[in-house]
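Listing of upload_36.txt; format and content: compact mmCIF, C-alpha atoms.
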```
# COMPACT_ATOMS: atom_id res chain seq x y z
CA MET A 22 -26.56 17.36 2.76
CA SER A 23 -22.96 18.48 2.53
CA LEU A 24 -20.15 16.12 1.67
CA PRO A 25 -17.88 14.73 3.00
CA LEU A 26 -19.68 13.63 6.16
CA TYR A 27 -16.44 13.77 8.20
CA ASP A 28 -17.57 10.67 10.09
CA ASN A 29 -14.48 9.13 11.69
CA GLY A 30 -16.21 6.72 14.05
CA ALA A 31 -15.63 3.01 14.54
CA ALA A 32 -18.39 2.00 12.10
CA ALA A 33 -16.96 4.20 9.33
CA GLY A 34 -13.50 2.72 9.94
CA LEU A 35 -14.76 -0.86 9.90
CA LEU A 36 -16.83 -0.30 6.74
CA ALA A 37 -13.96 1.30 4.81
CA GLY A 38 -11.52 -1.35 6.06
CA ILE A 39 -13.73 -4.35 5.30
CA LEU A 40 -14.33 -3.16 1.73
CA PHE A 41 -10.62 -2.35 1.33
CA GLY A 42 -9.48 -5.76 2.63
CA PHE A 43 -12.12 -7.66 0.62
CA VAL A 44 -11.06 -5.96 -2.62
CA LEU A 45 -7.31 -6.30 -1.96
CA GLU A 46 -7.63 -10.03 -1.30
CA ASN A 47 -9.75 -10.60 -4.40
CA ALA A 48 -7.20 -8.65 -6.44
CA GLY A 49 -4.64 -11.25 -5.30
CA PHE A 50 -2.79 -8.73 -3.14
CA GLY A 51 -2.57 -11.05 -0.13
CA SER A 52 -0.05 -13.15 -2.06
CA ALA A 53 3.59 -12.03 -1.85
CA ARG A 54 4.51 -13.96 -4.99
CA LYS A 55 1.74 -12.37 -7.04
CA LEU A 56 2.56 -8.90 -5.69
CA THR A 57 6.28 -9.15 -6.41
CA GLY A 58 5.52 -10.50 -9.90
CA GLN A 59 4.97 -6.84 -10.80
CA PHE A 60 8.66 -6.12 -10.50
CA ARG A 61 9.69 -9.32 -12.30
CA LEU A 62 7.37 -8.04 -15.06
CA THR A 63 5.45 -11.34 -15.00
CA ASP A 64 2.26 -9.93 -13.41
CA TRP A 65 1.23 -6.30 -13.84
CA SER A 66 -1.68 -6.39 -11.40
CA VAL A 67 -0.12 -3.93 -8.93
CA PHE A 68 0.27 -1.24 -11.58
CA LYS A 69 -3.09 -1.98 -13.24
CA VAL A 70 -5.15 -2.11 -10.03
CA MET A 71 -3.49 0.89 -8.36
CA PHE A 72 -3.59 3.11 -11.42
CA THR A 73 -7.22 2.23 -12.17
CA ALA A 74 -8.19 2.97 -8.56
CA VAL A 75 -6.36 6.31 -8.54
CA ILE A 76 -8.19 7.35 -11.72
CA VAL A 77 -11.63 6.16 -10.53
CA SER A 78 -11.18 8.11 -7.28
CA ALA A 79 -9.87 11.26 -8.95
CA VAL A 80 -12.53 11.22 -11.70
CA GLY A 81 -15.19 10.58 -9.03
CA LEU A 82 -14.07 13.55 -6.94
CA TRP A 83 -13.90 15.68 -10.09
CA LEU A 84 -17.46 14.72 -11.10
CA LEU A 85 -18.74 15.38 -7.57
CA GLN A 86 -17.09 18.80 -7.80
CA LEU A 87 -18.69 19.48 -11.21
CA VAL A 88 -22.19 18.78 -9.88
CA GLY A 89 -21.45 20.81 -6.76
CA LEU A 90 -21.75 18.02 -4.19
CA THR A 91 -18.23 18.46 -2.81
CA ALA A 92 -14.82 19.79 -3.86
CA PHE A 93 -11.21 18.64 -3.88
CA SER A 94 -10.64 21.37 -1.28
CA GLU A 95 -12.95 19.51 1.15
CA VAL A 96 -10.88 16.31 1.33
CA TYR A 97 -7.44 15.65 2.80
CA ILE A 98 -4.63 16.24 0.30
CA PRO A 99 -1.09 15.58 1.59
CA THR A 100 1.52 18.32 1.25
CA PRO A 101 4.65 17.17 -0.60
CA PHE A 102 8.00 16.85 1.16
CA PHE A 103 10.02 15.87 -1.88
CA TRP A 104 13.08 14.24 -0.29
CA ALA A 105 11.32 12.42 2.54
CA MET A 106 8.49 11.13 0.36
CA GLY A 107 10.74 10.17 -2.55
CA LEU A 108 13.19 8.34 -0.29
CA GLY A 109 10.38 6.85 1.80
CA GLY A 110 8.89 5.52 -1.44
CA VAL A 111 12.28 4.06 -2.36
CA LEU A 112 12.56 2.30 1.02
CA ILE A 113 9.01 0.91 0.78
CA GLY A 114 9.65 -0.23 -2.81
CA ALA A 115 12.83 -1.97 -1.61
CA GLY A 116 11.01 -3.45 1.39
CA PHE A 117 8.28 -4.70 -0.94
CA ALA A 118 10.80 -6.37 -3.27
CA VAL A 119 12.67 -8.00 -0.35
CA GLY A 120 9.78 -8.83 1.97
CA GLY A 121 6.92 -9.30 -0.50
CA TYR A 122 4.37 -6.90 1.01
CA CYS A 123 3.53 -3.32 1.87
CA PRO A 124 1.69 -2.41 5.09
CA GLY A 125 -1.89 -2.87 3.81
CA THR A 126 -1.21 -6.03 1.83
CA SER A 127 0.62 -7.62 4.79
CA ALA A 128 -2.62 -7.40 6.82
CA VAL A 129 -4.45 -9.17 3.98
CA GLY A 130 -1.65 -11.75 3.63
CA LEU A 131 -1.92 -12.53 7.34
CA ALA A 132 -5.71 -12.85 7.01
CA GLY A 133 -5.11 -15.52 4.35
CA GLY A 134 -2.98 -17.57 6.78
CA ARG A 135 0.52 -16.46 5.77
CA GLY A 136 3.21 -16.63 8.45
CA ASP A 137 5.62 -14.63 6.30
CA ALA A 138 3.15 -11.71 6.42
CA LEU A 139 3.15 -11.86 10.23
CA VAL A 140 6.96 -11.74 10.29
CA PHE A 141 6.85 -8.80 7.84
CA ILE A 142 4.50 -6.99 10.26
CA LEU A 143 6.90 -7.60 13.18
CA GLY A 144 9.67 -6.13 11.01
CA MET A 145 7.55 -3.04 10.33
CA ILE A 146 6.97 -2.50 14.04
CA VAL A 147 10.73 -2.70 14.64
CA GLY A 148 11.53 -0.44 11.64
CA THR A 149 9.10 2.17 12.95
CA ALA A 150 10.82 2.17 16.35
CA VAL A 151 14.22 2.49 14.63
CA PHE A 152 12.88 5.57 12.81
CA ALA A 153 11.70 7.06 16.11
CA GLY A 154 15.08 6.36 17.71
CA LEU A 155 16.93 8.06 14.85
CA PHE A 156 14.39 10.87 14.48
CA PRO A 157 16.62 13.65 15.91
CA VAL A 158 19.22 12.81 13.23
CA ILE A 159 16.66 12.40 10.42
CA GLU A 160 14.51 15.43 11.20
CA PRO A 161 16.27 17.82 8.76
CA LEU A 162 15.66 15.32 5.93
CA TYR A 163 12.09 14.72 7.15
CA THR A 164 11.15 18.38 6.76
CA ALA A 165 13.40 19.31 3.78
CA ALA A 166 12.12 20.55 0.40
CA GLN A 167 8.53 21.17 1.40
CA GLY A 168 6.32 21.94 -1.59
CA ALA A 169 3.20 24.07 -1.76
CA GLU A 170 0.55 23.03 0.74
CA ARG A 171 -1.94 20.48 -0.57
CA GLN A 172 -0.29 20.70 -3.97
CA THR A 173 -2.02 18.80 -6.79
CA LEU A 174 -0.77 17.88 -10.27
CA ASP A 175 -3.10 20.38 -11.99
CA ALA A 176 -1.76 23.18 -9.76
CA LEU A 177 1.86 22.05 -10.33
CA PHE A 178 1.52 22.05 -14.12
CA GLY A 179 -0.98 24.94 -14.28
CA VAL A 180 -3.53 23.01 -16.34
CA PRO A 181 -7.24 22.22 -15.83
CA THR A 182 -8.05 19.08 -13.83
CA TRP A 183 -9.51 17.26 -16.84
CA VAL A 184 -6.19 17.56 -18.69
CA VAL A 185 -4.40 15.74 -15.83
CA LEU A 186 -7.14 13.10 -15.75
CA ALA A 187 -6.91 12.58 -19.51
CA ALA A 188 -3.11 12.25 -19.29
CA LEU A 189 -3.43 9.68 -16.46
CA VAL A 190 -5.98 7.68 -18.49
CA ALA A 191 -3.54 7.68 -21.42
CA ILE A 192 -0.69 6.46 -19.16
CA MET A 193 -2.99 3.79 -17.72
CA ALA A 194 -4.00 2.56 -21.18
CA GLY A 195 -0.34 2.43 -22.23
CA GLY A 196 0.55 0.56 -19.03
CA PHE A 197 -2.24 -1.98 -19.56
CA LEU A 198 -1.10 -2.66 -23.14
CA LEU A 199 2.60 -2.87 -22.26
CA GLY A 200 1.93 -4.90 -19.12
CA THR A 201 -0.36 -7.45 -20.77
CA ASN A 202 2.10 -7.82 -23.62
CA LEU A 203 5.03 -8.43 -21.24
CA GLU A 204 2.96 -10.83 -19.08
CA ARG A 205 2.36 -12.99 -22.18
CA ARG A 206 5.95 -12.79 -23.32
CA MET A 207 7.39 -13.64 -19.88
CA ALA A 208 4.95 -16.56 -19.52
CA GLY A 209 6.08 -17.84 -22.93
CA ALA A 210 9.75 -17.54 -21.96
CA ARG A 211 9.13 -19.46 -18.74
CA ARG A 212 7.23 -22.23 -20.51
CA SER A 213 9.98 -22.72 -23.08
CA ALA A 214 12.54 -22.77 -20.24
CA GLY A 215 10.54 -25.51 -18.51
CA GLY A 216 9.60 -23.30 -15.56
CA HIS A 217 6.35 -23.12 -13.66
CA PRO A 218 3.64 -20.50 -14.11
CA GLU A 219 3.54 -17.77 -11.49
CA GLY A 220 0.61 -15.96 -10.00
CA ALA A 221 -1.28 -19.03 -8.86
CA PRO A 222 -3.46 -18.30 -5.83
CA SER A 223 -0.72 -19.69 -3.64
CA ALA A 224 2.59 -21.35 -4.09
CA ALA A 225 5.11 -23.46 -2.19
CA GLU A 226 4.74 -25.24 1.15
CA MET B 21 0.84 -25.31 -7.37
CA PHE B 22 -2.85 -24.59 -7.64
CA ASP B 23 -5.30 -25.25 -4.87
CA GLY B 24 -7.87 -27.50 -6.47
CA ASP B 25 -10.99 -25.54 -5.55
CA ALA B 26 -9.57 -22.04 -5.06
CA ARG B 27 -11.38 -19.47 -7.19
CA PRO B 28 -9.34 -17.21 -9.47
CA TYR B 29 -8.62 -13.60 -8.54
CA TRP B 30 -10.68 -10.77 -10.01
CA PRO B 31 -9.39 -9.29 -13.30
CA PRO B 32 -7.17 -6.25 -12.53
CA LEU B 33 -9.56 -3.78 -14.18
CA VAL B 34 -12.50 -5.04 -12.05
CA ALA B 35 -10.40 -4.99 -8.86
CA GLY B 36 -9.08 -1.52 -9.71
CA ILE B 37 -12.57 -0.09 -10.23
CA ALA B 38 -13.79 -1.70 -6.98
CA LEU B 39 -10.75 -0.30 -5.12
CA GLY B 40 -11.30 3.15 -6.62
CA LEU B 41 -14.98 3.16 -5.59
CA THR B 42 -14.00 2.01 -2.07
CA LEU B 43 -11.51 4.88 -1.87
CA LEU B 44 -14.07 7.39 -3.20
CA LEU B 45 -16.65 6.19 -0.66
CA THR B 46 -14.04 6.59 2.11
CA PHE B 47 -13.37 10.18 1.02
CA ILE B 48 -17.12 10.91 1.01
CA ILE B 49 -17.71 9.41 4.46
CA THR B 50 -14.57 10.48 6.33
CA GLY B 51 -12.99 13.33 4.35
CA HIS B 52 -9.73 11.39 3.98
CA GLY B 53 -8.52 8.27 2.22
CA LEU B 54 -7.50 4.75 3.22
CA GLY B 55 -4.36 3.85 5.16
CA ALA B 56 -2.43 1.10 6.90
CA SER B 57 1.00 2.09 8.22
CA GLY B 58 -0.52 4.51 10.75
CA PHE B 59 -1.92 1.54 12.64
CA PHE B 60 1.42 -0.32 12.74
CA THR B 61 3.08 2.91 13.92
CA ARG B 62 0.65 3.05 16.83
CA VAL B 63 1.32 -0.62 17.65
CA SER B 64 5.05 0.21 17.63
CA VAL B 65 4.48 3.13 20.03
CA VAL B 66 2.49 0.93 22.44
CA ALA B 67 5.05 -1.90 22.24
CA ALA B 68 7.97 0.49 22.84
CA ASP B 69 6.16 2.15 25.73
CA TRP B 70 5.56 -1.26 27.29
CA LEU B 71 9.06 -2.69 26.74
CA VAL B 72 11.06 0.44 27.68
CA PRO B 73 8.88 2.59 29.96
CA GLY B 74 9.70 6.27 29.65
CA TRP B 75 11.65 6.05 26.40
CA ALA B 76 8.66 6.46 24.08
CA GLN B 77 7.22 9.41 26.07
CA ASN B 78 10.54 11.23 25.87
CA ASN B 79 11.13 10.40 22.21
CA ASP B 80 10.55 13.37 19.89
CA TYR B 81 8.51 11.26 17.45
CA PHE B 82 6.72 8.63 19.57
CA GLY B 83 6.05 11.16 22.35
CA LEU B 84 3.52 12.94 20.14
CA PHE B 85 1.32 9.82 20.17
CA LEU B 86 1.38 9.59 23.98
CA GLN B 87 0.64 13.22 24.88
CA GLY B 88 -1.87 13.64 27.68
CA GLY B 89 -1.88 9.94 28.51
CA ALA B 90 -3.83 9.08 25.36
CA ASN B 91 -4.03 5.47 24.16
CA PRO B 92 -2.46 5.59 20.68
CA LEU B 93 -4.61 2.69 19.50
CA LEU B 94 -7.88 4.56 20.02
CA ALA B 95 -7.96 5.94 16.49
CA TRP B 96 -9.91 5.60 13.25
CA ILE B 97 -7.01 3.82 11.58
CA THR B 98 -7.21 0.97 14.14
CA TRP B 99 -10.82 0.23 13.19
CA GLU B 100 -9.93 0.49 9.53
CA VAL B 101 -7.06 -2.01 9.73
CA VAL B 102 -9.18 -4.39 11.83
CA GLY B 103 -11.69 -4.09 8.97
CA VAL B 104 -8.99 -4.84 6.38
CA PHE B 105 -8.16 -8.06 8.24
CA VAL B 106 -11.84 -9.05 8.50
CA GLY B 107 -12.54 -8.19 4.85
CA GLY B 108 -9.42 -10.05 3.71
CA LEU B 109 -10.35 -13.08 5.82
CA ALA B 110 -13.91 -13.10 4.43
CA ALA B 111 -12.61 -12.92 0.85
CA THR B 112 -10.03 -15.66 1.35
CA LEU B 113 -12.63 -17.99 2.98
CA MET B 114 -15.33 -17.31 0.39
CA ALA B 115 -12.91 -18.03 -2.45
CA GLY B 116 -11.42 -21.14 -0.81
CA ARG B 117 -7.99 -19.53 -0.70
CA PHE B 118 -7.32 -19.55 3.07
CA ARG B 119 -4.28 -21.69 3.78
CA PRO B 120 -1.72 -21.52 6.63
CA GLN B 121 1.64 -21.35 4.89
CA ILE B 122 4.98 -19.59 4.51
CA GLU B 123 4.65 -18.25 0.99
CA ARG B 124 7.95 -18.29 -0.88
CA GLY B 125 9.57 -18.82 -4.24
CA GLY B 126 11.21 -22.12 -5.08
CA GLY B 127 14.68 -20.55 -4.90
CA ILE B 128 14.90 -20.09 -1.11
CA GLY B 129 14.18 -22.06 2.04
CA ARG B 130 11.71 -21.27 4.75
CA SER B 131 14.05 -19.60 7.25
CA LYS B 132 15.66 -17.44 4.59
CA ARG B 133 12.20 -16.36 3.40
CA LEU B 134 11.26 -15.34 6.94
CA GLY B 135 14.55 -13.44 7.28
CA TYR B 136 13.79 -11.55 4.08
CA ALA B 137 10.22 -10.89 5.24
CA PHE B 138 11.54 -9.39 8.47
CA ALA B 139 14.19 -7.28 6.70
CA GLY B 140 11.61 -6.04 4.17
CA GLY B 141 9.31 -5.16 7.05
CA VAL B 142 12.03 -3.12 8.77
CA LEU B 143 12.74 -1.15 5.56
CA THR B 144 9.00 -0.62 5.05
CA GLY B 145 8.30 0.49 8.63
CA PHE B 146 11.16 2.98 8.48
CA GLY B 147 10.23 4.19 4.98
CA ALA B 148 6.56 4.69 5.83
CA ARG B 149 7.46 7.02 8.72
CA LEU B 150 9.93 8.93 6.56
CA ALA B 151 7.35 9.35 3.78
CA ARG B 152 4.51 10.14 6.23
CA GLY B 153 2.49 7.29 4.74
CA CYS B 154 2.64 4.07 2.75
CA THR B 155 1.40 2.61 -0.51
CA SER B 156 -2.22 2.95 0.69
CA GLY B 157 -2.15 6.19 2.63
CA LEU B 158 0.16 8.21 0.39
CA GLY B 159 0.41 6.38 -2.95
CA LEU B 160 -3.22 5.30 -3.42
CA SER B 161 -5.09 7.91 -1.35
CA GLY B 162 -2.75 10.77 -2.31
CA GLY B 163 -2.81 9.74 -5.96
CA GLY B 164 -6.61 9.57 -5.82
CA THR B 165 -6.72 13.30 -5.00
CA LEU B 166 -4.09 14.06 -7.69
CA ALA B 167 -1.68 15.08 -4.88
CA VAL B 168 1.90 15.70 -6.05
CA ALA B 169 3.00 13.98 -2.80
CA GLY B 170 1.32 10.72 -3.87
CA PHE B 171 3.03 10.64 -7.26
CA VAL B 172 6.46 11.52 -5.83
CA PHE B 173 6.03 8.54 -3.51
CA LEU B 174 4.84 6.22 -6.30
CA ILE B 175 7.78 7.09 -8.55
CA GLY B 176 10.23 6.23 -5.73
CA PHE B 177 8.29 3.04 -4.96
CA PHE B 178 8.28 1.70 -8.53
CA VAL B 179 11.89 2.68 -9.32
CA ALA B 180 13.24 1.00 -6.17
CA GLY B 181 10.89 -1.95 -6.59
CA PHE B 182 12.24 -2.74 -10.06
CA GLY B 183 15.87 -2.19 -9.01
CA VAL B 184 15.82 -4.27 -5.86
CA SER B 185 13.63 -6.98 -7.43
CA TYR B 186 16.30 -7.54 -10.03
CA LEU B 187 18.76 -8.36 -7.22
CA MET B 188 16.12 -10.50 -5.46
CA ARG B 189 14.84 -12.38 -8.53
CA ARG B 190 16.26 -15.77 -7.53
CA ALA B 191 14.43 -15.67 -4.20
CA TRP B 192 10.98 -15.45 -5.80
CA GLN B 193 11.31 -17.69 -8.87
```
What does the file become when written as C-alpha cells?
Amino acid sequence: MSLPLYDNGAAAGLLAGILFGFVLENAGFGSARKLTGQFRLTDWSVFKVMFTAVIVSAVGLWLLQLVGLTAFSEVYIPTPFFWAMGLGGVLIGAGFAVGGYCPGTSAVGLAGGRGDALVFILGMIVGTAVFAGLFPVIEPLYTAAQGAERQTLDALFGVPTWVVLAALVAIMAGGFLLGTNLERRMAGARRSAGGHPEGAPSAAE
Amino acid sequence: MFDGDARPYWPPLVAGIALGLTLLLTFIITGHGLGASGFFTRVSVVAADWLVPGWAQNNDYFGLFLQGGANPLLAWITWEVVGVFVGGLAATLMAGRFRPQIERGGGIGRSKRLGYAFAGGVLTGFGARLARGCTSGLGLSGGGTLAVAGFVFLIGFFVAGFGVSYLMRRAWQ
C-alpha cells in the first residue's frame, strides 16, 4: 500500500472535518474569549495547542519517511509568497484580535450556539468579495517575493530535518514554560485587582 | 460565569496531540492538510454570483471558481467544513457546553460586540485570500509539513494578534 491514499471524497472530508471540529471544540477554541486570551497573555492555549499539533504532524511525517511508508515530497507543501503570506497573517491576526475567531474556529463557535461567530462568518464572506473586487490592484502584491517551490525550513537553513524538529521542540518547551508562568501571574494580578477569572467555558449573556 | 454542569476543556497538551494526529491522518488519507477559509471563499463566490449575476464570472479572482459552469461548493473543503460543524456540535453537546449566546467581554455591549465580530470577519476574509490560506490551511497544515510559508504566516499572525489585542483589551476584559 502506498501512502498517501489521495482520497478526496465526501467521506474523507467528513471524517477529517468531524475529528478537526471535535478536537477544536474540546480545546476550547469555539470560545472567542478563550481564544483571544492568548493575546492578553492570560491563556496560552492557542500557542500550546497549535505548536504541539505542528510538531506531532511534522514528527509523524518524518517517522513515516524514515520507515519508508511515505515522504514529505508526497504531501502538499505550500510555496512561500513572503509579502502576501506575511501581510495576510497580519490581517488574520488583527481580525482574530478584533473579531475573536479565525475561519476554522468560527465554524466551531457557531456550532456551540454563538451568534457572534455567525456574524464573523458573514464578515468573512464580505471580506473575501472585497478581495476579489480589488484583485486587479492587489495582484502585484499577491505574487511578489515568491520563494523556492515547496520550500521547507530544513531546506531554507540547509540542515537535516531532525535538527529543525529538535529546535521546534525546544521552542515549544520554552513557550509552555513561559506561557504557564504568565497565565499564573496574570490570574494572580486579576484576583488582587478584584477581577473575574477568564477562560471559563462561556462568559457573558 | 461558569455553566454549572459544563465539563472543562482538554489540557492544551492533550488537545495539541489530538489535533496533530488528526492533521497527520488527513495528510495520510488525502495528501493535503486541513482547511477552512477555502469553504467560506466558495460561499462568497456563490453569494456574489447570485446577488450580482455576471460580476463574479468576469472577476479575475472569482471567475476561476466558476469556469465551465462548475458549482464552487462541490469540493472536498465543503465536506470538511460541514464535518467541522458536526464535530464541534457533538463535542459541545457531549460536554454540556452548547448555549445560544453572544459571547463578549464585560467591557462592551452586544451591538458593539457584533460590530467588532463583523469587522474582524472582513479583515480575516480579506487576509485569508491574500495569504492563500488561514490559520488552519496555512499556519497549522503548512507548519505541520515544516513549510516556510506556514511559519511566515504564523509570525505575521502572532505579531499582529498581540499588537491589535493591546488596543482591543478593554473589549474583552
- Item | Spatial neighbours of stretch 166-171 of chain A, 12 Å, only C-alpha atoms, chain gap at least 2 places, as a ChimeraX atom specification | /A:93-107,161-164,173-177 /B:162,165-170,172
Around stretch 72-81 of chain B, with edges along x, y and z and 4 Å added on all six sides, what centre and edge lengths do you get, in Å to one decimal, as AutoDock Vina command-line options?
```
--center_x 9.4 --center_y 6.9 --center_z 23.7 --size_x 12.4 --size_y 20.9 --size_z 20.5
```
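Taking all atoms listed in the file into account, A:Phe117 lies nearest to A:Leu56 out of the set A:Ala48, A:Ala165, A:Leu40, A:Leu56.
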- Message: Set the distance at 12 Å and use all atoms listed in the file: which residues neighbour B:Asn91 once local chain neighbours fewer than 6 positions away are removed? I'd like the list as number ranges by chain.
- Response: B: 62-63, 65-67, 69, 83-85, 98
Atoms kept (C-alpha atoms) for selection, written as a short mmCIF file (atom, residue, chain, number, x, y, z; two decimals), keeping the file's coordinate frame:
```
data_model
loop_
_atom_site.label_atom_id
_atom_site.label_comp_id
_atom_site.auth_asym_id
_atom_site.auth_seq_id
_atom_site.Cartn_x
_atom_site.Cartn_y
_atom_site.Cartn_z
CA ARG B 62 0.65 3.05 16.83
CA VAL B 63 1.32 -0.62 17.65
CA VAL B 65 4.48 3.13 20.03
CA VAL B 66 2.49 0.93 22.44
CA ALA B 67 5.05 -1.90 22.24
CA ASP B 69 6.16 2.15 25.73
CA GLY B 83 6.05 11.16 22.35
CA LEU B 84 3.52 12.94 20.14
CA PHE B 85 1.32 9.82 20.17
CA THR B 98 -7.21 0.97 14.14
#
```
- Message: Between atom CA of A:Leu35 and atom CA of B:Leu39, what distance in Å does the model show, to one decimal?
- Response: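 Atom CA of B:Leu39 lies 15.6 Å from atom CA of A:Leu35.
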- Separating atom CA of B:Trp70 from atom CA of B:Arg152, to the nearest tenth of an Å, is a gap of 24.0 Å
- Give me the residues within 12 Å of B:Gln121 as a ChimeraX atom specification, counting all atoms listed in the file and dropping any in the same chain fewer than 2 places off. /A:52-53,130-139,223-226 /B:117-119,123-124,130,133-134
- Query: Between atom CA of B:Ala35 and atom CA of A:Phe41, what is the distance, to one decimal in Å?
  - Reply: 10.5 Å
